[in-house]
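Q: Pasting query.txt here (compact mmCIF, C-alpha atoms):
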# COMPACT_ATOMS: atom_id res chain seq x y z
CA MET A 1 -133.57 -83.37 74.12
CA LYS A 2 -133.69 -79.70 73.13
CA ARG A 3 -129.89 -79.55 73.07
CA LEU A 4 -129.68 -82.61 70.81
CA PHE A 5 -132.29 -81.12 68.48
CA LEU A 6 -130.37 -77.87 68.20
CA MET A 7 -127.18 -79.80 67.54
CA ALA A 8 -128.87 -81.73 64.74
CA LEU A 9 -130.06 -78.47 63.14
CA CYS A 10 -126.55 -77.06 63.40
CA LEU A 11 -125.04 -80.14 61.78
CA LEU A 12 -127.49 -80.04 58.92
CA SER A 13 -126.48 -76.47 58.16
CA LEU A 14 -122.77 -77.23 57.98
CA PRO A 15 -121.13 -77.80 54.58
CA SER A 16 -120.07 -81.29 53.56
CA VAL A 17 -116.60 -82.03 52.23
CA ALA A 18 -115.14 -84.75 50.06
CA GLN A 19 -113.61 -87.67 51.91
CA PRO A 20 -109.90 -88.20 51.11
CA GLN A 21 -108.13 -91.44 50.33
CA ALA A 22 -106.16 -93.00 53.17
CA SER A 23 -102.96 -92.62 51.15
CA GLU A 24 -103.58 -88.88 50.90
CA VAL A 25 -103.94 -88.58 54.66
CA LEU A 26 -100.72 -90.54 55.19
CA ASP A 27 -98.85 -88.34 52.71
CA VAL A 28 -99.80 -85.21 54.65
CA ALA A 29 -98.84 -86.81 57.97
CA ARG A 30 -95.46 -87.83 56.56
CA ARG A 31 -94.90 -84.34 55.21
CA ALA A 32 -95.52 -82.75 58.61
CA ASN A 33 -93.28 -85.25 60.35
CA ASP A 34 -90.49 -85.04 57.77
CA TYR A 35 -90.46 -81.27 58.20
CA PHE A 36 -89.96 -81.68 61.93
CA MET A 37 -87.33 -84.44 61.77
CA LYS A 38 -85.33 -82.49 59.21
CA LYS A 39 -85.44 -79.24 61.18
CA TYR A 40 -84.64 -80.99 64.48
CA GLU A 41 -82.28 -83.59 63.09
CA ASP A 42 -80.51 -84.33 66.38
CA PRO A 43 -83.08 -85.38 69.00
CA THR A 44 -80.62 -84.87 71.85
CA VAL A 45 -80.17 -81.12 71.31
CA PRO A 46 -81.98 -79.09 74.00
CA THR A 47 -84.59 -76.51 73.14
CA ASN A 48 -83.61 -72.87 73.34
CA TRP A 49 -86.60 -70.56 73.65
CA LYS A 50 -85.76 -67.81 76.16
CA ARG A 51 -83.77 -70.42 78.10
CA ILE A 52 -82.21 -73.83 77.64
CA ARG A 53 -84.47 -76.82 78.34
CA PRO A 54 -83.65 -80.52 77.82
CA SER A 55 -85.35 -82.26 74.93
CA SER A 56 -87.23 -84.47 77.39
CA LEU A 57 -89.55 -81.61 78.32
CA TRP A 58 -93.28 -82.02 77.80
CA THR A 59 -93.45 -80.22 74.46
CA ARG A 60 -91.03 -82.69 72.88
CA ALA A 61 -92.58 -85.63 74.69
CA VAL A 62 -95.93 -84.92 73.02
CA TYR A 63 -94.19 -84.97 69.65
CA TYR A 64 -93.00 -88.51 70.34
CA GLU A 65 -96.53 -89.60 71.17
CA GLY A 66 -97.45 -88.54 67.65
CA LEU A 67 -94.37 -90.16 66.16
CA MET A 68 -95.19 -93.50 67.79
CA ALA A 69 -98.73 -93.22 66.44
CA LEU A 70 -97.29 -92.63 62.97
CA GLN A 71 -95.02 -95.64 63.42
CA ASP A 72 -98.11 -97.72 64.06
CA ILE A 73 -99.52 -97.01 60.59
CA ASP A 74 -96.28 -96.27 58.71
CA PRO A 75 -93.52 -98.46 60.20
CA GLN A 76 -90.09 -97.02 59.50
CA GLN A 77 -86.86 -97.83 61.27
CA ARG A 78 -85.79 -94.20 61.13
CA TYR A 79 -88.68 -93.29 63.41
CA ILE A 80 -87.59 -95.88 65.95
CA ASP A 81 -83.92 -94.87 65.67
CA TYR A 82 -84.83 -91.22 66.22
CA ALA A 83 -86.93 -91.99 69.29
CA THR A 84 -84.47 -94.51 70.74
CA THR A 85 -81.58 -92.06 70.42
CA TRP A 86 -83.67 -89.57 72.37
CA ALA A 87 -84.66 -92.07 75.08
CA ASP A 88 -81.11 -93.39 75.49
CA PHE A 89 -79.74 -89.86 75.77
CA HIS A 90 -82.14 -89.09 78.59
CA GLN A 91 -81.45 -92.48 80.21
CA TRP A 92 -85.14 -93.42 80.06
CA THR A 93 -85.72 -91.07 82.98
CA PRO A 94 -88.43 -88.47 83.62
CA ARG A 95 -87.28 -84.92 83.17
CA ASN A 96 -85.81 -83.62 86.44
CA GLY A 97 -85.25 -87.10 87.82
CA VAL A 98 -87.11 -89.73 89.79
CA ASN A 99 -88.28 -87.40 92.57
CA THR A 100 -90.33 -85.10 90.38
CA CYS A 101 -94.09 -85.00 90.90
CA ASP A 102 -94.70 -82.65 87.98
CA ALA A 103 -96.81 -84.26 85.28
CA ASP A 104 -94.96 -82.28 82.61
CA ASP A 105 -91.76 -84.06 83.65
CA GLN A 106 -93.40 -87.48 83.40
CA CYS A 107 -94.85 -87.12 79.91
CA CYS A 108 -91.72 -88.44 78.19
CA ALA A 109 -92.11 -91.77 79.98
CA GLN A 110 -95.22 -92.59 77.94
CA THR A 111 -93.01 -92.94 74.89
CA TYR A 112 -90.37 -94.87 76.83
CA VAL A 113 -93.02 -97.49 77.55
CA GLU A 114 -94.31 -97.54 73.96
CA LEU A 115 -90.82 -97.62 72.52
CA LEU A 116 -89.39 -100.46 74.55
CA PRO A 117 -90.82 -103.40 72.52
CA TYR A 118 -89.22 -101.95 69.36
CA THR A 119 -85.73 -101.92 70.85
CA GLY A 120 -85.23 -105.68 71.11
CA ARG A 121 -84.29 -105.30 74.76
CA CYS A 122 -85.85 -107.05 77.72
CA ARG A 123 -87.43 -109.84 75.69
CA ASP A 124 -88.07 -112.08 78.69
CA LYS A 125 -91.71 -112.35 79.75
CA ASP A 126 -90.79 -110.76 83.07
CA TYR A 127 -88.95 -107.90 81.38
CA VAL A 128 -90.92 -105.21 83.21
CA LEU A 129 -89.51 -106.28 86.55
CA ASP A 130 -85.97 -106.70 85.29
CA CYS A 131 -85.62 -104.12 82.54
CA LYS A 132 -83.33 -101.29 83.56
CA GLU A 133 -84.94 -98.93 81.04
CA LEU A 134 -88.06 -98.80 83.19
CA ASN A 135 -86.38 -98.62 86.59
CA ASN A 136 -86.44 -94.84 86.84
CA VAL A 137 -90.03 -94.62 85.58
CA ARG A 138 -91.15 -97.06 88.23
CA ALA A 139 -89.17 -95.28 90.92
CA ASN A 140 -90.70 -91.97 89.94
CA LEU A 141 -94.28 -93.21 90.14
CA GLU A 142 -93.58 -94.99 93.42
CA HIS A 143 -92.31 -91.70 94.80
CA GLN A 144 -95.38 -89.77 93.69
CA MET A 145 -97.81 -92.35 95.01
CA GLN A 146 -96.38 -91.78 98.49
CA THR A 147 -95.99 -87.98 98.35
CA PRO A 148 -98.82 -85.52 99.09
CA ASN A 149 -98.80 -82.19 97.31
CA PRO A 150 -97.62 -79.72 100.00
CA LYS A 151 -99.67 -76.94 98.37
CA ASN A 152 -103.00 -78.60 99.08
CA GLY A 153 -102.16 -81.49 101.41
CA SER A 154 -103.73 -84.12 99.15
CA LEU A 155 -101.95 -87.28 98.11
CA TYR A 156 -103.91 -87.09 94.87
CA GLY A 157 -103.85 -83.33 94.38
CA TRP A 158 -101.01 -82.98 91.89
CA TRP A 159 -102.92 -82.39 88.65
CA THR A 160 -104.05 -78.84 89.33
CA TRP A 161 -104.23 -78.00 85.61
CA ILE A 162 -106.01 -80.13 83.04
CA ASP A 163 -103.00 -80.41 80.73
CA ALA A 164 -101.51 -82.66 83.41
CA ILE A 165 -104.16 -85.30 82.79
CA GLN A 166 -102.70 -85.87 79.33
CA MET A 167 -99.11 -85.56 80.46
CA ALA A 168 -99.23 -88.23 83.16
CA MET A 169 -102.47 -90.17 83.47
CA PRO A 170 -101.83 -92.47 80.46
CA LEU A 171 -98.47 -93.40 82.01
CA TYR A 172 -100.17 -94.74 85.12
CA MET A 173 -102.46 -96.83 82.94
CA GLN A 174 -99.55 -98.08 80.81
CA MET A 175 -97.69 -99.24 83.90
CA TYR A 176 -100.82 -100.93 85.19
CA GLN A 177 -101.17 -102.77 81.89
CA LEU A 178 -97.52 -103.82 81.87
CA MET A 179 -97.17 -104.86 85.49
CA GLY A 180 -100.70 -105.85 86.46
CA ASP A 181 -100.27 -103.76 89.59
CA GLU A 182 -103.63 -102.16 90.41
CA ARG A 183 -101.97 -99.51 92.55
CA TYR A 184 -101.07 -97.63 89.36
CA LEU A 185 -104.63 -97.82 88.07
CA ASP A 186 -106.17 -96.82 91.39
CA HIS A 187 -103.82 -93.93 92.02
CA GLY A 188 -104.14 -92.57 88.49
CA MET A 189 -107.92 -92.66 88.73
CA MET A 190 -107.91 -90.98 92.14
CA MET A 191 -105.79 -88.15 90.79
CA TYR A 192 -108.12 -87.81 87.80
CA ARG A 193 -111.16 -87.64 90.07
CA TRP A 194 -109.48 -85.03 92.24
CA SER A 195 -108.94 -82.78 89.22
CA ARG A 196 -112.41 -83.47 87.87
CA ASN A 197 -114.39 -83.09 91.06
CA GLU A 198 -112.36 -81.22 93.67
CA CYS A 199 -109.79 -78.87 92.19
CA GLY A 200 -111.31 -75.40 92.13
CA GLY A 201 -114.65 -76.94 93.01
CA GLY A 202 -114.31 -79.34 90.07
CA LEU A 203 -112.75 -78.56 86.69
CA PHE A 204 -115.19 -80.59 84.58
CA ASN A 205 -118.53 -78.97 83.77
CA VAL A 206 -120.64 -82.06 83.27
CA LYS A 207 -123.57 -80.07 81.89
CA GLU A 208 -121.46 -78.60 79.07
CA GLY A 209 -119.08 -81.53 78.64
CA LEU A 210 -116.14 -79.11 78.79
CA TRP A 211 -113.27 -78.41 81.19
CA TRP A 212 -111.95 -75.25 82.79
CA ARG A 213 -108.18 -75.17 82.51
CA ASP A 214 -107.47 -74.67 86.23
CA ALA A 215 -108.92 -73.05 89.34
CA ASP A 216 -108.20 -69.57 87.95
CA TYR A 217 -110.79 -70.04 85.20
CA VAL A 218 -113.78 -71.52 87.00
CA PRO A 219 -116.78 -69.22 87.56
CA PRO A 220 -117.08 -66.36 88.23
CA TYR A 221 -114.24 -65.93 85.69
CA LYS A 222 -115.60 -64.94 82.27
CA GLU A 223 -114.26 -64.08 78.85
CA PRO A 224 -114.70 -60.46 77.69
CA ASP A 225 -117.99 -61.36 75.96
CA GLY A 226 -119.36 -62.83 79.19
CA GLN A 227 -118.92 -66.47 78.14
CA GLN A 228 -117.14 -69.24 80.01
CA CYS A 229 -113.44 -69.75 79.29
CA TYR A 230 -113.00 -73.23 77.87
CA TRP A 231 -109.55 -73.40 76.31
CA SER A 232 -109.48 -75.49 73.17
CA ARG A 233 -106.13 -77.24 73.54
CA GLY A 234 -106.69 -77.78 77.26
CA ASN A 235 -109.87 -79.68 76.46
CA GLY A 236 -107.95 -81.45 73.72
CA TRP A 237 -105.40 -82.65 76.25
CA VAL A 238 -108.09 -84.27 78.37
CA TYR A 239 -109.92 -85.72 75.37
CA ALA A 240 -106.73 -87.32 74.06
CA ALA A 241 -105.82 -88.61 77.52
CA LEU A 242 -109.14 -90.40 77.84
CA VAL A 243 -108.49 -92.19 74.56
CA ARG A 244 -104.91 -93.08 75.45
CA CYS A 245 -106.01 -94.46 78.81
CA MET A 246 -108.90 -96.47 77.41
CA ASN A 247 -106.59 -97.93 74.78
CA VAL A 248 -104.68 -99.81 77.50
CA LEU A 249 -107.48 -100.57 79.98
CA PRO A 250 -109.79 -103.61 79.97
CA GLN A 251 -113.08 -102.54 78.42
CA LYS A 252 -115.11 -104.17 81.17
CA SER A 253 -113.21 -102.45 83.97
CA LYS A 254 -114.85 -99.84 86.18
CA ALA A 255 -112.18 -97.30 85.22
CA TYR A 256 -112.80 -97.80 81.49
CA LYS A 257 -116.54 -97.28 81.90
CA GLU A 258 -115.94 -94.17 84.00
CA LEU A 259 -113.61 -92.63 81.43
CA LYS A 260 -115.88 -93.63 78.56
CA LYS A 261 -118.78 -91.77 80.19
CA ASP A 262 -116.70 -88.57 80.33
CA PHE A 263 -115.49 -89.16 76.78
CA LEU A 264 -119.07 -89.25 75.53
CA LEU A 265 -119.98 -86.10 77.45
CA MET A 266 -116.98 -84.32 76.01
CA SER A 267 -117.71 -85.54 72.49
CA GLU A 268 -121.18 -84.04 72.59
CA GLY A 269 -119.90 -80.77 74.03
CA LEU A 270 -117.07 -80.47 71.52
CA LEU A 271 -119.26 -81.24 68.53
CA ARG A 272 -121.40 -78.23 69.37
CA CYS A 273 -118.34 -75.97 69.27
CA GLN A 274 -116.91 -76.81 65.85
CA ARG A 275 -116.63 -73.92 63.41
CA PRO A 276 -118.31 -74.21 59.99
CA ASP A 277 -114.86 -74.30 58.37
CA GLY A 278 -113.91 -77.43 60.35
CA PHE A 279 -111.54 -75.87 62.89
CA TRP A 280 -112.21 -75.13 66.54
CA ASN A 281 -111.48 -71.70 68.01
CA PRO A 282 -108.84 -71.24 70.73
CA SER A 283 -111.79 -70.39 73.03
CA LEU A 284 -114.49 -72.98 72.51
CA VAL A 285 -117.66 -71.04 73.32
CA SER A 286 -116.50 -67.43 73.38
CA THR A 287 -116.23 -64.98 70.50
CA ASN A 288 -112.93 -63.82 71.97
CA TYR A 289 -110.04 -64.83 69.68
CA ALA A 290 -112.34 -66.37 67.09
CA MET A 291 -109.94 -67.91 64.57
CA PRO A 292 -108.68 -71.32 63.45
CA GLU A 293 -106.47 -73.23 65.89
CA THR A 294 -104.68 -76.40 64.81
CA SER A 295 -103.57 -78.19 67.99
CA GLY A 296 -107.03 -78.37 69.56
CA THR A 297 -108.58 -79.29 66.23
CA ALA A 298 -106.10 -82.15 65.79
CA LEU A 299 -106.77 -83.54 69.27
CA PHE A 300 -110.52 -83.39 68.78
CA LEU A 301 -110.14 -85.19 65.45
CA TYR A 302 -108.04 -87.81 67.23
CA GLY A 303 -110.76 -88.51 69.78
CA MET A 304 -113.72 -88.38 67.45
CA ALA A 305 -112.14 -90.63 64.82
CA TRP A 306 -111.29 -93.12 67.55
CA GLY A 307 -114.79 -92.96 69.01
CA ILE A 308 -116.40 -93.68 65.64
CA GLN A 309 -114.19 -96.72 65.11
CA LYS A 310 -115.05 -98.05 68.56
CA GLY A 311 -118.75 -97.63 67.85
CA TYR A 312 -119.16 -95.12 70.67
CA LEU A 313 -119.96 -92.14 68.44
CA LYS A 314 -122.55 -92.16 65.67
CA ALA A 315 -120.81 -91.86 62.33
CA ALA A 316 -123.75 -89.91 60.91
CA ASP A 317 -123.06 -87.13 63.42
CA TYR A 318 -119.32 -87.29 63.94
CA ARG A 319 -117.87 -88.44 60.62
CA PRO A 320 -118.75 -85.14 58.89
CA ALA A 321 -117.08 -83.29 61.77
CA CYS A 322 -113.93 -85.40 61.29
CA ASP A 323 -113.94 -84.85 57.54
CA ARG A 324 -114.31 -81.09 57.97
CA ALA A 325 -111.55 -80.98 60.59
CA TRP A 326 -109.15 -82.87 58.38
CA GLU A 327 -109.99 -80.84 55.29
CA ALA A 328 -109.45 -77.63 57.25
CA MET A 329 -106.05 -78.63 58.58
CA ALA A 330 -104.80 -80.28 55.39
CA THR A 331 -105.72 -77.32 53.16
CA LYS A 332 -105.46 -74.32 55.48
CA ALA A 333 -102.82 -75.20 58.09
CA VAL A 334 -100.28 -77.58 56.51
CA HIS A 335 -97.74 -75.79 54.33
CA PRO A 336 -96.20 -77.42 51.23
CA ASP A 337 -93.02 -78.12 53.22
CA GLY A 338 -94.91 -79.58 56.21
CA PHE A 339 -94.86 -76.56 58.50
CA LEU A 340 -98.09 -76.24 60.50
CA GLY A 341 -99.84 -72.89 60.60
CA TRP A 342 -102.58 -71.62 62.91
CA MET A 343 -100.79 -73.29 65.81
CA GLN A 344 -101.17 -71.67 69.21
CA GLY A 345 -97.99 -71.33 71.22
CA THR A 346 -97.52 -72.55 74.76
CA GLY A 347 -99.69 -70.99 77.43
CA LYS A 348 -102.78 -71.72 79.45
CA ASP A 349 -105.71 -69.94 77.86
CA PRO A 350 -107.04 -68.62 74.52
CA SER A 351 -104.98 -65.43 74.75
CA ALA A 352 -101.61 -67.21 74.62
CA GLY A 353 -99.45 -66.66 71.55
CA GLN A 354 -101.88 -64.31 69.85
CA PRO A 355 -102.41 -63.39 67.13
CA LEU A 356 -102.31 -66.73 65.35
CA SER A 357 -101.85 -66.96 61.60
CA TYR A 358 -101.03 -69.32 58.76
CA THR A 359 -97.40 -68.24 58.78
CA ARG A 360 -96.63 -67.48 62.43
CA ILE A 361 -94.10 -69.82 64.04
CA PRO A 362 -95.11 -70.75 67.60
CA ASP A 363 -92.57 -70.67 70.42
CA PHE A 364 -92.35 -74.48 70.28
CA GLU A 365 -93.17 -76.50 67.17
CA ASP A 366 -92.84 -79.97 68.63
CA TYR A 367 -96.04 -80.51 70.60
CA GLY A 368 -98.12 -79.11 67.74
CA THR A 369 -96.63 -81.66 65.38
CA GLY A 370 -97.36 -84.38 67.92
CA CYS A 371 -101.00 -83.31 68.23
CA PHE A 372 -101.33 -83.19 64.45
CA LEU A 373 -99.85 -86.67 64.03
CA LEU A 374 -102.22 -88.11 66.63
CA GLY A 375 -105.20 -86.67 64.76
CA ALA A 376 -103.88 -87.59 61.33
CA THR A 377 -103.07 -91.20 62.20
CA GLU A 378 -106.43 -91.88 63.83
CA TYR A 379 -108.24 -90.26 60.93
CA TYR A 380 -106.16 -92.42 58.57
CA LYS A 381 -107.45 -95.53 60.37
CA LEU A 382 -111.01 -94.25 60.08
CA VAL A 383 -110.68 -93.54 56.36
CA LYS A 384 -108.88 -96.79 55.64
Would you kindly transcribe this structure into structure tokens?
A:
Amino acid sequence: MKRLFLMALCLLSLPSVAQPQASEVLDVARRANDYFMKKYEDPTVPTNWKRIRPSSLWTRAVYYEGLMALQDIDPQQRYIDYATTWADFHQWTPRNGVNTCDADDQCCAQTYVELLPYTGRCRDKDYVLDCKELNNVRANLEHQMQTPNPKNGSLYGWWTWIDAIQMAMPLYMQMYQLMGDERYLDHGMMMYRWSRNECGGGLFNVKEGLWWRDADYVPPYKEPDGQQCYWSRGNGWVYAALVRCMNVLPQKSKAYKELKKDFLLMSEGLLRCQRPDGFWNPSLVSTNYAMPETSGTALFLYGMAWGIQKGYLKAADYRPACDRAWEAMATKAVHPDGFLGWMQGTGKDPSAGQPLSYTRIPDFEDYGTGCFLLGATEYYKLVK
């Protein structure tokens, strides 16, 4: 009760902002996406930051999650053509093949599943069983469901870092929805519970509603100011994953209710951490690296806007937070040409890619654009 009272006082002290028109939100989302598609015109070209990586790596895969979300509110054939060219080039296969158990390699398959109905292929009602585009995805998950992690001996102990929950867990739920095979649902939930409750003694701090990134950051690890290290984008990955999983699960299922409970705990914890200017810091509760950060902010906007629409989050508390987050990103992060500033580069904690700024280009631009599009499209639905 005391914590809720303090949160209410904090919210009352925050400035209010004008609510935009839905068309204005869509214009900004298009601008950010057009910037990316123009700069990376050929989706088959590999990335080249310090070394060559195929364009099916996780950073690019997250971009396509955002692109498919944009397609949902702004249908354009060029979006589908761009994504299909990418999927065809990579033969609808997880990065590093069907024997990978790395969640980062599996992230691209989420878009393969979302993209398939747009392609006009496999129209038969039994297309999932016969469609060659999904053969390698199915083979990959079948392999993982039978393969323990040799580093810890657990069949479910593959997601040792919380980013992995976003990279792979929604895929298990998508395949469950498509095939009606509960093995995907059960295995995905068991891996989630292992990360939540067992890895490093449990990576989810239920009392705070926040996650430690991996076993290296659980107590007694502290930030320089003595606070816990809760990485913003890492928590954003989990928050977004919960939404993406619930979107394809039956609402009355045990799994849905379990994920919803964690979603509500996270929502309360994240709301307490928002900056007065609408952003979230790279480190959620620490004064270390106190500055705007766009990717985490976008993912939190994505989840909160979704939660309000579902009736899970009180609009009186969370709508102002969404409005402030959007206003912050739209006016202080998005450049006139669509480039996104205040974007933290790849890494695993608040120190990665520092110092951030309005003009600094991160090592990879793709995942940041994907995060932004997820937040923008869900906020568009809320405003509309």
Q: What's the 12 Å shell around Asp214 (chain A), counting only C-alpha atoms, without same-chain residues fewer than 6 positions away, as a list in words?
A: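 Using only C-alpha atoms, the neighbours found are Trp158, Trp159, Thr160, Trp161, Ile162, Asp163, Ala164, Ile165, Ser195, Arg196, Asn197, Glu198, Cys199, Gly200, Gly201, Gly202, Leu203, Phe204, Tyr221, Cys229, Tyr230, Trp231, Gly234, Asn235, Lys348 and Asp349 of chain A.
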Q: Between CA of Ala139 (chain A) and CA of Tyr79 (chain A), what is the distance in Å, rounded to a tenth?
A: 27.6 Å
Q: Go through A:Trp237, A:Tyr82, A:Tyr380, A:Tyr217 one by one, measure the shortest atom-to-atom distance of each to Gly368 (chain A) using only C-alpha atoms, and give the residue with the smallest value.
A: A:Trp237
Q: Taking 2 positions as the minimum chain separation for residues in the same chain, which residues sit within 10 Å of Tyr312 (chain A) when counting only C-alpha atoms? Answer as JSON, numbers by chain.
A: {"A": [260, 263, 264, 267, 304, 306, 307, 308, 309, 310, 314, 315]}
Q: Show me, as a list in words, the residues that have an atom within 7 Å of region 94-97 of chain A when counting all atoms listed in the file, minus same-chain residues fewer than 4 positions from it.
A: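 Once the nearby chain positions are removed, what remains is Ser56, Leu57, Asp105, Gln106, Cys108, Ala109 and Val137 of chain A.
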Q: With distances taken over only C-alpha atoms, which residue among A:Asn205, A:Tyr118, A:Thr59, A:Asp88 lies nearest Gln76 (chain A)?
A: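 Result for the nearest residue to Gln76 (chain A): A:Tyr118.
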Q: Using all atoms listed in the file, which residues sit within 12 Å of Leu171 (chain A) once same-chain residues fewer than 3 positions away are excluded, as a PDB file with C-alpha atoms, keeping the file's coordinate frame?
A:
ATOM      1  CA  GLU A  65     -96.530 -89.600  71.170  1.00  0.00           C
ATOM      2  CA  PRO A  94     -88.430 -88.470  83.620  1.00  0.00           C
ATOM      3  CA  ALA A 103     -96.810 -84.260  85.280  1.00  0.00           C
ATOM      4  CA  ASP A 104     -94.960 -82.280  82.610  1.00  0.00           C
ATOM      5  CA  ASP A 105     -91.760 -84.060  83.650  1.00  0.00           C
ATOM      6  CA  GLN A 106     -93.400 -87.480  83.400  1.00  0.00           C
ATOM      7  CA  CYS A 107     -94.850 -87.120  79.910  1.00  0.00           C
ATOM      8  CA  CYS A 108     -91.720 -88.440  78.190  1.00  0.00           C
ATOM      9  CA  ALA A 109     -92.110 -91.770  79.980  1.00  0.00           C
ATOM     10  CA  GLN A 110     -95.220 -92.590  77.940  1.00  0.00           C
ATOM     11  CA  THR A 111     -93.010 -92.940  74.890  1.00  0.00           C
ATOM     12  CA  TYR A 112     -90.370 -94.870  76.830  1.00  0.00           C
ATOM     13  CA  VAL A 113     -93.020 -97.490  77.550  1.00  0.00           C
ATOM     14  CA  GLU A 114     -94.310 -97.540  73.960  1.00  0.00           C
ATOM     15  CA  LEU A 134     -88.060 -98.800  83.190  1.00  0.00           C
ATOM     16  CA  VAL A 137     -90.030 -94.620  85.580  1.00  0.00           C
ATOM     17  CA  ARG A 138     -91.150 -97.060  88.230  1.00  0.00           C
ATOM     18  CA  ASN A 140     -90.700 -91.970  89.940  1.00  0.00           C
ATOM     19  CA  LEU A 141     -94.280 -93.210  90.140  1.00  0.00           C
ATOM     20  CA  ALA A 164    -101.510 -82.660  83.410  1.00  0.00           C
ATOM     21  CA  ILE A 165    -104.160 -85.300  82.790  1.00  0.00           C
ATOM     22  CA  GLN A 166    -102.700 -85.870  79.330  1.00  0.00           C
ATOM     23  CA  MET A 167     -99.110 -85.560  80.460  1.00  0.00           C
ATOM     24  CA  ALA A 168     -99.230 -88.230  83.160  1.00  0.00           C
ATOM     25  CA  GLN A 174     -99.550 -98.080  80.810  1.00  0.00           C
ATOM     26  CA  MET A 175     -97.690 -99.240  83.900  1.00  0.00           C
ATOM     27  CA  TYR A 176    -100.820-100.930  85.190  1.00  0.00           C
ATOM     28  CA  GLN A 177    -101.170-102.770  81.890  1.00  0.00           C
ATOM     29  CA  LEU A 178     -97.520-103.820  81.870  1.00  0.00           C
ATOM     30  CA  TYR A 184    -101.070 -97.630  89.360  1.00  0.00           C
ATOM     31  CA  LEU A 185    -104.630 -97.820  88.070  1.00  0.00           C
ATOM     32  CA  HIS A 187    -103.820 -93.930  92.020  1.00  0.00           C
ATOM     33  CA  GLY A 188    -104.140 -92.570  88.490  1.00  0.00           C
ATOM     34  CA  MET A 189    -107.920 -92.660  88.730  1.00  0.00           C
ATOM     35  CA  ALA A 241    -105.820 -88.610  77.520  1.00  0.00           C
ATOM     36  CA  LEU A 242    -109.140 -90.400  77.840  1.00  0.00           C
ATOM     37  CA  ARG A 244    -104.910 -93.080  75.450  1.00  0.00           C
ATOM     38  CA  CYS A 245    -106.010 -94.460  78.810  1.00  0.00           C
ATOM     39  CA  MET A 246    -108.900 -96.470  77.410  1.00  0.00           C
ATOM     40  CA  ASN A 247    -106.590 -97.930  74.780  1.00  0.00           C
ATOM     41  CA  VAL A 248    -104.680 -99.810  77.500  1.00  0.00           C
ATOM     42  CA  LEU A 249    -107.480-100.570  79.980  1.00  0.00           C
TER      43      LEU A 249
END
Q: Which is closest to Pro362 (chain A) among A:Phe339, A:Trp58, A:Trp86, A:Tyr302, if we use all atoms listed in the file?
A: A:Phe339
Q: Between CA of Ala61 (chain A) and CA of Met37 (chain A), what is the spacing in Å?
A: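 CA of Ala61 (chain A) lies at a distance of 14.0 Å from CA of Met37 (chain A).
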Q: CA of Tyr64 (chain A) and CA of Arg121 (chain A), how far apart in Å?
A: 19.4 Å
Q: Leaving out Met343 (chain A) and any residue of its chain fewer than 5 positions from it, which residues lie within 12 Å of it when counting all atoms listed in the file, given as a count of residues only?
A: 40
Q: Could you check the closest approach to Ala321 (chain A) for each of A:Gly226, A:Gly347, A:Gly157, A:Gly278 and tell me which residue wins, using all atoms listed in the file?
A: A:Gly278
Q: With distances taken over all atoms listed in the file, which residue among A:Thr346, A:Tyr379, A:Cys273, A:Leu374 lies nearest Trp49 (chain A)?
A: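 Closest to Trp49 (chain A) of all the choices is A:Thr346.
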Q: Rank nothing, just name the residue among A:Pro320, A:Thr147, A:Ala83, A:Thr331 nearest to Gln19 (chain A), using all atoms listed in the file.
A: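 Using all atoms listed in the file, Gln19 (chain A) sits closest to A:Pro320.
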